[in-house]
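First the structure, in the form of structure tokens, and then the observations on it.
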Amino acid sequence: MELDKMDENDWKYHGEGNKSLVVSHVQLSRVLRLLKYPAEDSENPPQTVEQAFRQIQNIVDFSSNVMSSLLGENFIHSGEVVKLPLEFVRQLSIKVQHQRPAWRCDKVMDIYSGCALCLPNLTSPILHQPTHTPPLCIEIKPKCGFLPSSKHVSRDIKTKVCRFCMHQHYKVANGKWKRRNLYCPLDLFSGNRQRMNFTIRHLIEEPQNNFKIFKGGQCIYSSKEGSDDTMDLNLLLHHLRPYFLYGNNRINSHMTSKAVLNDFIQVLVNALLSGGGGDGGVVTDRRGEGRSFCEASHFSKERIRHGSQGLPSDSVLFRILQTQMLDTLDIEGLHPLYRRVEQHLQEFPKDRTRLQIDGPYNEAFLEKLQKCPNEDDGSVEYAVAKVHQYRVSMTAKDCSIMVALVPSGEEEEDDEGQTHLRDFISSRTPAFSYSVSILDLDPKPFESIPRQLRLDQKIVSCYLKTGGSLPRVSPSPLPGIFTAAEREDCMLLFHSV
């Protein structure tokens, strides 16, 4: 990619979040992530070129030096900061403006600094597989996978119902979404295949911002915020069916919609439980049985036929959960420590640099949070270390997982170099090459902690006011597809990349 020969016609709108907009190259597997700021600042940029560069460099450093160590470098793509020609950026901004969702247009793209983050396009991976079928990529925002046990928690409901399930009531009550998503993160992070299958089905039913499917780099399945539209499952099945034509003694013409989705979910679960991020330890359960279930989950404990709980220690879910659990105090226990740091900085403002409140995110920052003592000694250093731990855990609670799947060729080669032809009328499902990545790993601002406390209080209050009115058994919006008992005999072959 030659920066001095950039052409806006080589790039297309890819998506955006609250703080940045992403464009993807039409041929290369690359994306550019550009900063956004409020529309009222469009004529007067809120920060200098140097500040914009430092903000993006902080994202790179936090990802490569901090999150990579905690989550596993195999899962992380930190990217690099690039300086783009300003005329290219301005023309790009004009080109993508009409493609942006209306509800995102309260912010505009940064056209003044020319700074951007260049990353691999994880929705269009290069897996070097000789196949004519475009890759499938599934993006999941798993959210927080554990219940707090801190002595500082003031409402008992927080130790019984997970944050995500309570937050759904709050979002519906405030009109952000028309319907609740019945997905529960504790089921996904349980490591139990039945629970994982069950909760992924709810993600498919009501994806919201937590589930997207890409085919050949194009988003083919997602929700629009505030939309009352039901998801077009038939269109999704149309896209998925060619990937699951063979296996389980089925010929393609007889493959039911239920079978297609079952196979798809099994592939996804296998990828989420696969290794790649650690030492390959055994399946473990680090949490008490009571704390691994959310009372709002629609999965019944009695349905578990096999007692295995926990995650393989080298799986992406295990690494994310471990990092989330750096939040040992809950926001209620963390806020007084934030206030201690804030008061210290008011008295000694120059200590902001020494305490690395705004970075740099280097080995010293990582060491501060890893070597934090268990007991509070009343020092500002202890308080800062706990604040750093909380900020890192918040990043892990808000990250996304990208699972890329490419169908393997009809001829497959095993570890011993033996080649065998797939038997099309066998009990084997199609094999996939896969890769698993973690994205959205920006550092959370120090100043966001008071807002996190207020949001926590609003979510809990809303849930208690509504009485947690979730029925124990919910009729599925897709009864013809999701009522069958989950198959346990679906074996899938994977080749990690």
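Naming scheme: A, B, ... for chains in displayed order of the structure tokens; residues 1 onward per chain; ligands 1 onward as shown.
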Q: With a distance cut-off of 12 Å and only C-alpha atoms, select the neighbouring residues of Tyr463 of chain A, excluding the residue or stretch itself and same-chain residues fewer than 3 positions from it, and output the selection as number ranges by chain.
A: A: 155, 157-158, 161-173, 296, 456-460, 466-470
Q. What's the 8 Å shell around Cys144 of chain A, counting only C-alpha atoms, without same-chain residues fewer than 2 positions away, as a PyMOL selection string?
A. chain A and resi 142+146+162-164+185-186+321+324+397-398
Q: Could you give me, as a PyMOL selection string, the residues within 10 Å of Tyr382 of chain A, counting only C-alpha atoms and dropping anything in the same chain fewer than 2 positions from it?
A: chain A and resi 337+340-341+368-369+371-380+384-388
Q.
One number please: atom CA of Asn9 of chain A to atom CA of Leu122 of chain A, in Å, one decimal.
A. 20.8 Å
Q. Using the chain letters and numbers from this document, which residues of segment 311-412 of chain A does DSSP assign to strand (DSSP E or B), as a VMD selection string?
A. chain A and resid 311 to 312 357 359 400 to 407 411 to 412
Q: For each of A:Ser20, A:Ile331, A:Lys12, A:Ala52, take the minimum atom-to-atom distance to Gln91 of chain A, counting only C-alpha atoms, then give the residue where this is smallest.
A: A:Lys12
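The smallest atom-to-atom distance between Pro46 of chain A and any of A:Ser93, A:Leu84, A:Val66, A:Ile111, using only C-alpha atoms, is found for A:Ile111.
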Q: May I have the residues within 10 Å of Phe198 of chain A as a list in words, using only C-alpha atoms and disregarding those fewer than 2 positions away in the same chain?
A: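 Final neighbour list, sorted by chain and number: Tyr183, Cys184, Asp187, Leu188, Arg193, Gln194, Arg195, Met196, Ile200, Arg201, His202, Leu203, Ile265, His298, Phe299, Phe482, Ala485 and Glu486 of chain A.
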May I have the residues from that selection written out with N, CA, C and O atoms, as a PDB file, in the first residue's frame?
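Output contents, as saved in out.pdb:
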ATOM      1  N   TYR A 183     -29.650 -13.943  24.637  1.00  0.00           N
ATOM      2  CA  TYR A 183     -28.282 -14.468  24.798  1.00  0.00           C
ATOM      3  C   TYR A 183     -27.802 -14.186  26.217  1.00  0.00           C
ATOM      4  O   TYR A 183     -28.089 -13.140  26.791  1.00  0.00           O
ATOM      5  N   CYS A 184     -27.052 -15.132  26.797  1.00  0.00           N
ATOM      6  CA  CYS A 184     -26.443 -14.922  28.113  1.00  0.00           C
ATOM      7  C   CYS A 184     -24.959 -15.263  28.038  1.00  0.00           C
ATOM      8  O   CYS A 184     -24.597 -16.400  27.717  1.00  0.00           O
ATOM      9  N   ASP A 187     -23.518 -18.493  29.651  1.00  0.00           N
ATOM     10  CA  ASP A 187     -23.687 -19.745  28.919  1.00  0.00           C
ATOM     11  C   ASP A 187     -22.574 -19.916  27.888  1.00  0.00           C
ATOM     12  O   ASP A 187     -22.042 -21.014  27.709  1.00  0.00           O
ATOM     13  N   LEU A 188     -22.209 -18.830  27.193  1.00  0.00           N
ATOM     14  CA  LEU A 188     -21.134 -18.928  26.199  1.00  0.00           C
ATOM     15  C   LEU A 188     -19.814 -19.269  26.865  1.00  0.00           C
ATOM     16  O   LEU A 188     -19.044 -20.101  26.378  1.00  0.00           O
ATOM     17  N   ARG A 193     -20.941 -27.468  25.872  1.00  0.00           N
ATOM     18  CA  ARG A 193     -21.399 -27.338  24.487  1.00  0.00           C
ATOM     19  C   ARG A 193     -22.904 -27.118  24.374  1.00  0.00           C
ATOM     20  O   ARG A 193     -23.362 -26.369  23.511  1.00  0.00           O
ATOM     21  N   GLN A 194     -23.674 -27.758  25.236  1.00  0.00           N
ATOM     22  CA  GLN A 194     -25.127 -27.562  25.186  1.00  0.00           C
ATOM     23  C   GLN A 194     -25.485 -26.104  25.462  1.00  0.00           C
ATOM     24  O   GLN A 194     -26.291 -25.498  24.755  1.00  0.00           O
ATOM     25  N   ARG A 195     -24.893 -25.561  26.507  1.00  0.00           N
ATOM     26  CA  ARG A 195     -25.183 -24.165  26.856  1.00  0.00           C
ATOM     27  C   ARG A 195     -24.683 -23.212  25.777  1.00  0.00           C
ATOM     28  O   ARG A 195     -25.354 -22.221  25.460  1.00  0.00           O
ATOM     29  N   MET A 196     -23.515 -23.499  25.214  1.00  0.00           N
ATOM     30  CA  MET A 196     -22.963 -22.635  24.174  1.00  0.00           C
ATOM     31  C   MET A 196     -23.846 -22.666  22.922  1.00  0.00           C
ATOM     32  O   MET A 196     -24.170 -21.614  22.344  1.00  0.00           O
ATOM     33  N   ILE A 200     -25.872 -19.322  21.504  1.00  0.00           N
ATOM     34  CA  ILE A 200     -25.553 -18.812  20.167  1.00  0.00           C
ATOM     35  C   ILE A 200     -26.820 -18.750  19.315  1.00  0.00           C
ATOM     36  O   ILE A 200     -26.984 -17.853  18.484  1.00  0.00           O
ATOM     37  N   ARG A 201     -27.750 -19.665  19.546  1.00  0.00           N
ATOM     38  CA  ARG A 201     -29.020 -19.608  18.827  1.00  0.00           C
ATOM     39  C   ARG A 201     -29.760 -18.310  19.136  1.00  0.00           C
ATOM     40  O   ARG A 201     -30.387 -17.717  18.257  1.00  0.00           O
ATOM     41  N   HIS A 202     -29.698 -17.886  20.388  1.00  0.00           N
ATOM     42  CA  HIS A 202     -30.332 -16.613  20.744  1.00  0.00           C
ATOM     43  C   HIS A 202     -29.623 -15.436  20.091  1.00  0.00           C
ATOM     44  O   HIS A 202     -30.261 -14.435  19.751  1.00  0.00           O
ATOM     45  N   LEU A 203     -28.318 -15.529  19.918  1.00  0.00           N
ATOM     46  CA  LEU A 203     -27.588 -14.476  19.203  1.00  0.00           C
ATOM     47  C   LEU A 203     -28.060 -14.396  17.750  1.00  0.00           C
ATOM     48  O   LEU A 203     -28.202 -13.303  17.187  1.00  0.00           O
ATOM     49  N   ILE A 265     -23.588 -23.756  13.890  1.00  0.00           N
ATOM     50  CA  ILE A 265     -23.330 -23.474  15.310  1.00  0.00           C
ATOM     51  C   ILE A 265     -22.235 -24.385  15.850  1.00  0.00           C
ATOM     52  O   ILE A 265     -21.373 -23.955  16.623  1.00  0.00           O
ATOM     53  N   HIS A 298     -32.179 -18.510  29.945  1.00  0.00           N
ATOM     54  CA  HIS A 298     -33.286 -19.389  29.603  1.00  0.00           C
ATOM     55  C   HIS A 298     -32.851 -20.843  29.499  1.00  0.00           C
ATOM     56  O   HIS A 298     -33.668 -21.713  29.211  1.00  0.00           O
ATOM     57  N   PHE A 299     -31.590 -21.094  29.733  1.00  0.00           N
ATOM     58  CA  PHE A 299     -31.111 -22.477  29.722  1.00  0.00           C
ATOM     59  C   PHE A 299     -31.374 -23.105  31.082  1.00  0.00           C
ATOM     60  O   PHE A 299     -31.008 -22.557  32.129  1.00  0.00           O
ATOM     61  N   PHE A 482     -35.357 -24.003  15.933  1.00  0.00           N
ATOM     62  CA  PHE A 482     -34.608 -24.068  17.175  1.00  0.00           C
ATOM     63  C   PHE A 482     -35.236 -24.932  18.267  1.00  0.00           C
ATOM     64  O   PHE A 482     -34.861 -24.840  19.412  1.00  0.00           O
ATOM     65  N   ALA A 485     -33.746 -31.005  19.960  1.00  0.00           N
ATOM     66  CA  ALA A 485     -32.657 -31.226  20.900  1.00  0.00           C
ATOM     67  C   ALA A 485     -31.330 -31.146  20.161  1.00  0.00           C
ATOM     68  O   ALA A 485     -31.231 -31.504  18.993  1.00  0.00           O
ATOM     69  N   GLU A 486     -30.318 -30.655  20.844  1.00  0.00           N
ATOM     70  CA  GLU A 486     -29.044 -30.455  20.173  1.00  0.00           C
ATOM     71  C   GLU A 486     -28.351 -31.792  19.923  1.00  0.00           C
ATOM     72  O   GLU A 486     -28.325 -32.668  20.773  1.00  0.00           O
TER      73      GLU A 486
END
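Closest to Ser113 of chain A among A:Thr328, A:Asn270, A:Gln47, A:Ser400 is A:Gln47, based on only C-alpha atoms.
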Q.
To one decimal place in Å, what is the distance between atom CA of Gly310 of chain A and atom CA of Ala271 of chain A?
A.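 Separation between atom CA of Gly310 of chain A and atom CA of Ala271 of chain A: 15.5 Å.
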Q) Would you give me, as a ChimeraX atom specification, the residues in segment 327-469 of chain A that DSSP reads as alpha helix (DSSP H)? A) /A:330-347,351-354,363-370,380-397,449-465
